[in-house]
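**Student:** Shown below is the structure under consideration.
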Amino acid sequence: MTAAVPVPDGPAIDPAINHPTRLAVVAFLSACDEAEFAAVRGGCQVSDSMLSKIASALEAIGYLAVRKGYVGKRPRTWLSLTPAGRQALALHIAALQGIAATARRAGAEAGEAPPGAADS
């Protein structure tokens with residue numbers, strides 16, 4: 001796993017959830033206590049194999065819990081975020097907001113410069 005990317009004076013981007021699909025899965029699960037595998041798959045518009053790989057990776061680092069059971073005679077799998085996963089998402093979102101805020105400030109400052117000032 002790569003190191004987290006620091007944001008000046010703030011939290012860091014989490015490389016484990018930085019990919020859009022992983023972020024979508026974590027965000028989906030942040031809205032509920034747990035969700036059935038099929039609901040997460042449909043909500044995040046990913047294949048079974050993609051979600052399985054993501055779930056395994058996030059479970060290995062402690063961000064996601066997997067529970068297996070049955071509904072009647074049919075096997076089911078439920079996914080849920082762990083407290084560490086919820087904290088990771090909150091810090092990741094804060095880091096993204098910090099990056100956006102820094103870029104907006106820089107853009108606003110650049111927009112206030114007199115014409116031609118950036119050319120010198």
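Here, A, B, ... name the chains of the structure tokens in the order displayed, residue numbers run from 1 inside each chain, and ligands are numbered from 1 in the same displayed order.
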Which residues are near stretch 71-77 of chain A? Cut-off 7 Å, only C-alpha atoms, ignore same chain within fewer than 3 positions. Put them as an NGL selection string.
**Tutor:** :A and (36-37 or 66-68)
**Student:** Per DSSP on the backbone, filter stretch 58-119 of chain A down to the residues in strand (DSSP E or B) and report them as a list in words.
**Tutor:**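 Here is the list: Leu64, Ala65, Val66, Arg67, Lys68, Gly69, Tyr70, Val71, Arg74, Pro75, Arg76, Thr77, Trp78, Leu79, Ser80 and Leu81 of chain A.
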**Student:** With C-alpha atoms retained, could you export that selection as a PDB file, in the first residue's frame?
**Tutor:**
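And here is the file that came out, out.pdb:
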ATOM      1  CA  LEU A  64     -14.981  -3.441   6.461  1.00  0.00           C
ATOM      2  CA  ALA A  65     -16.628  -6.399   8.192  1.00  0.00           C
ATOM      3  CA  VAL A  66     -18.162  -9.320   6.314  1.00  0.00           C
ATOM      4  CA  ARG A  67     -20.931 -11.421   7.826  1.00  0.00           C
ATOM      5  CA  LYS A  68     -22.202 -14.565   6.162  1.00  0.00           C
ATOM      6  CA  GLY A  69     -25.484 -16.261   6.901  1.00  0.00           C
ATOM      7  CA  TYR A  70     -28.681 -17.584   5.408  1.00  0.00           C
ATOM      8  CA  VAL A  71     -32.087 -16.219   4.526  1.00  0.00           C
ATOM      9  CA  ARG A  74     -30.144 -19.227   0.566  1.00  0.00           C
ATOM     10  CA  PRO A  75     -26.662 -18.077   1.571  1.00  0.00           C
ATOM     11  CA  ARG A  76     -26.238 -14.332   1.980  1.00  0.00           C
ATOM     12  CA  THR A  77     -23.351 -11.985   2.667  1.00  0.00           C
ATOM     13  CA  TRP A  78     -23.668  -8.683   4.507  1.00  0.00           C
ATOM     14  CA  LEU A  79     -21.090  -5.902   4.520  1.00  0.00           C
ATOM     15  CA  SER A  80     -20.599  -3.164   7.090  1.00  0.00           C
ATOM     16  CA  LEU A  81     -18.048  -0.480   7.846  1.00  0.00           C
TER      17      LEU A  81
END
**Student:** Please run DSSP on the backbone and report, as a compact mmCIF listing (two decimals) with N, CA and C atoms, in the first residue's frame, all residues within chain A that come out as alpha helix (DSSP H).
**Tutor:**
# COMPACT_ATOMS: atom_id res chain seq x y z
N PRO A 20 -12.17 5.76 -6.97
CA PRO A 20 -13.61 6.09 -6.97
C PRO A 20 -14.54 4.93 -6.62
N THR A 21 -14.22 3.72 -7.08
CA THR A 21 -15.11 2.59 -6.80
C THR A 21 -15.04 2.20 -5.33
N ARG A 22 -13.84 2.17 -4.77
CA ARG A 22 -13.71 1.88 -3.33
C ARG A 22 -14.38 2.96 -2.51
N LEU A 23 -14.20 4.20 -2.92
CA LEU A 23 -14.83 5.31 -2.20
C LEU A 23 -16.35 5.18 -2.26
N ALA A 24 -16.88 4.79 -3.39
CA ALA A 24 -18.33 4.61 -3.53
C ALA A 24 -18.84 3.52 -2.59
N VAL A 25 -18.12 2.42 -2.49
CA VAL A 25 -18.52 1.32 -1.60
C VAL A 25 -18.50 1.78 -0.15
N VAL A 26 -17.44 2.45 0.25
CA VAL A 26 -17.33 2.93 1.63
C VAL A 26 -18.41 3.97 1.92
N ALA A 27 -18.64 4.88 1.00
CA ALA A 27 -19.68 5.89 1.19
C ALA A 27 -21.06 5.25 1.28
N PHE A 28 -21.34 4.27 0.42
CA PHE A 28 -22.62 3.55 0.46
C PHE A 28 -22.82 2.94 1.84
N LEU A 29 -21.80 2.25 2.32
CA LEU A 29 -21.92 1.56 3.61
C LEU A 29 -21.96 2.52 4.80
N SER A 30 -21.47 3.73 4.61
CA SER A 30 -21.49 4.70 5.71
C SER A 30 -22.91 5.15 6.04
N PHE A 37 -24.81 -7.85 0.28
CA PHE A 37 -23.86 -7.77 -0.83
C PHE A 37 -24.53 -7.30 -2.11
N ALA A 38 -25.68 -7.88 -2.43
CA ALA A 38 -26.38 -7.53 -3.68
C ALA A 38 -26.83 -6.07 -3.68
N ALA A 39 -27.22 -5.55 -2.53
CA ALA A 39 -27.63 -4.14 -2.45
C ALA A 39 -26.45 -3.22 -2.69
N VAL A 40 -25.30 -3.56 -2.13
CA VAL A 40 -24.09 -2.75 -2.33
C VAL A 40 -23.68 -2.83 -3.80
N ARG A 41 -23.68 -4.03 -4.35
CA ARG A 41 -23.32 -4.23 -5.76
C ARG A 41 -24.20 -3.37 -6.66
N GLY A 42 -25.50 -3.41 -6.45
CA GLY A 42 -26.42 -2.62 -7.27
C GLY A 42 -26.28 -1.12 -7.03
N GLY A 43 -26.16 -0.73 -5.78
CA GLY A 43 -26.04 0.69 -5.45
C GLY A 43 -24.78 1.32 -5.98
N CYS A 44 -23.71 0.54 -6.03
CA CYS A 44 -22.42 1.06 -6.51
C CYS A 44 -22.16 0.72 -7.98
N ASP A 48 -20.06 -8.53 -9.32
CA ASP A 48 -19.81 -9.36 -8.15
C ASP A 48 -18.32 -9.48 -7.86
N SER A 49 -17.54 -9.76 -8.90
CA SER A 49 -16.10 -9.96 -8.70
C SER A 49 -15.42 -8.68 -8.23
N MET A 50 -15.80 -7.55 -8.78
CA MET A 50 -15.21 -6.28 -8.37
C MET A 50 -15.52 -6.00 -6.90
N LEU A 51 -16.79 -6.17 -6.51
CA LEU A 51 -17.16 -5.91 -5.12
C LEU A 51 -16.49 -6.91 -4.19
N SER A 52 -16.36 -8.14 -4.61
CA SER A 52 -15.69 -9.14 -3.79
C SER A 52 -14.24 -8.76 -3.54
N LYS A 53 -13.54 -8.30 -4.56
CA LYS A 53 -12.14 -7.88 -4.43
C LYS A 53 -12.03 -6.67 -3.51
N ILE A 54 -12.92 -5.71 -3.70
CA ILE A 54 -12.91 -4.51 -2.86
C ILE A 54 -13.18 -4.88 -1.40
N ALA A 55 -14.20 -5.72 -1.19
CA ALA A 55 -14.55 -6.13 0.18
C ALA A 55 -13.39 -6.85 0.84
N SER A 56 -12.73 -7.73 0.12
CA SER A 56 -11.59 -8.46 0.68
C SER A 56 -10.46 -7.51 1.06
N ALA A 57 -10.16 -6.58 0.19
CA ALA A 57 -9.08 -5.62 0.46
C ALA A 57 -9.41 -4.74 1.66
N LEU A 58 -10.64 -4.24 1.72
CA LEU A 58 -11.03 -3.36 2.82
C LEU A 58 -11.16 -4.14 4.14
N GLU A 59 -11.55 -5.40 4.05
CA GLU A 59 -11.62 -6.24 5.25
C GLU A 59 -10.21 -6.50 5.78
N ALA A 60 -9.26 -6.72 4.89
CA ALA A 60 -7.88 -7.03 5.28
C ALA A 60 -7.23 -5.88 6.06
N PRO A 83 -15.70 0.77 12.78
CA PRO A 83 -15.40 2.14 13.25
C PRO A 83 -14.16 2.72 12.57
N ALA A 84 -13.15 1.89 12.33
CA ALA A 84 -11.94 2.38 11.63
C ALA A 84 -12.28 2.81 10.20
N GLY A 85 -13.17 2.08 9.54
CA GLY A 85 -13.59 2.44 8.19
C GLY A 85 -14.36 3.75 8.16
N ARG A 86 -15.22 3.94 9.14
CA ARG A 86 -15.97 5.21 9.23
C ARG A 86 -15.04 6.38 9.48
N GLN A 87 -14.06 6.17 10.36
CA GLN A 87 -13.09 7.24 10.64
C GLN A 87 -12.24 7.52 9.40
N ALA A 88 -11.82 6.47 8.71
CA ALA A 88 -11.02 6.66 7.49
C ALA A 88 -11.79 7.48 6.46
N LEU A 89 -13.07 7.18 6.29
CA LEU A 89 -13.89 7.94 5.34
C LEU A 89 -13.99 9.40 5.75
N ALA A 90 -14.24 9.65 7.02
CA ALA A 90 -14.36 11.03 7.49
C ALA A 90 -13.06 11.81 7.26
N LEU A 91 -11.92 11.18 7.56
CA LEU A 91 -10.63 11.85 7.35
C LEU A 91 -10.33 12.05 5.87
N HIS A 92 -10.69 11.07 5.05
CA HIS A 92 -10.47 11.17 3.61
C HIS A 92 -11.29 12.32 3.02
N ILE A 93 -12.54 12.41 3.42
CA ILE A 93 -13.41 13.50 2.94
C ILE A 93 -12.87 14.84 3.41
N ALA A 94 -12.40 14.91 4.65
CA ALA A 94 -11.82 16.16 5.16
C ALA A 94 -10.58 16.54 4.34
N ALA A 95 -9.77 15.55 3.98
CA ALA A 95 -8.59 15.84 3.16
C ALA A 95 -8.98 16.36 1.79
N LEU A 96 -9.99 15.74 1.17
CA LEU A 96 -10.46 16.21 -0.14
C LEU A 96 -11.01 17.63 -0.04
N GLN A 97 -11.75 17.90 1.03
CA GLN A 97 -12.28 19.25 1.22
C GLN A 97 -11.15 20.25 1.43
N GLY A 98 -10.10 19.83 2.13
CA GLY A 98 -8.94 20.70 2.33
C GLY A 98 -8.24 21.02 1.02
N ILE A 99 -8.09 20.02 0.18
CA ILE A 99 -7.47 20.23 -1.14
C ILE A 99 -8.31 21.20 -1.96
N ALA A 100 -9.63 20.99 -1.97
CA ALA A 100 -10.51 21.86 -2.74
C ALA A 100 -10.47 23.30 -2.20
N ALA A 101 -10.49 23.44 -0.89
CA ALA A 101 -10.46 24.78 -0.29
C ALA A 101 -9.15 25.50 -0.62
N THR A 102 -8.04 24.77 -0.54
CA THR A 102 -6.74 25.37 -0.87
C THR A 102 -6.70 25.80 -2.33
N ALA A 103 -7.22 24.96 -3.21
CA ALA A 103 -7.24 25.30 -4.64
C ALA A 103 -8.15 26.50 -4.91
N ARG A 104 -9.30 26.55 -4.24
CA ARG A 104 -10.21 27.70 -4.42
C ARG A 104 -9.55 28.99 -3.97
N ARG A 105 -8.87 28.95 -2.81
CA ARG A 105 -8.18 30.15 -2.33
C ARG A 105 -7.11 30.58 -3.32
N ALA A 106 -6.33 29.61 -3.82
CA ALA A 106 -5.28 29.95 -4.79
C ALA A 106 -5.88 30.52 -6.06
N GLY A 107 -6.99 29.95 -6.51
CA GLY A 107 -7.66 30.47 -7.70
C GLY A 107 -8.20 31.87 -7.49
N ALA A 108 -8.75 32.11 -6.31
CA ALA A 108 -9.28 33.45 -6.01
C ALA A 108 -8.15 34.47 -5.97
N GLU A 109 -7.03 34.08 -5.38
CA GLU A 109 -5.88 35.00 -5.32
C GLU A 109 -5.32 35.26 -6.71
N ALA A 110 -5.28 34.25 -7.54
CA ALA A 110 -4.78 34.41 -8.90
C ALA A 110 -5.72 35.28 -9.72
N GLY A 111 -7.00 35.16 -9.46
CA GLY A 111 -7.99 35.95 -10.17
C GLY A 111 -7.97 37.42 -9.78
N GLU A 112 -7.40 37.72 -8.62
CA GLU A 112 -7.33 39.11 -8.15
C GLU A 112 -6.10 39.84 -8.65
**Student:** Using Å and a single decimal, report how far atom CA of A:Ile13 sits from atom CA of A:Glu34.
**Tutor:** 24.6 Å
**Student:** What is the atom CA of A:Gln45-atom CA of A:Ile61 distance in Å, reported with one decimal?
**Tutor:**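 Going from atom CA of A:Gln45 over to atom CA of A:Ile61 covers 23.1 Å.
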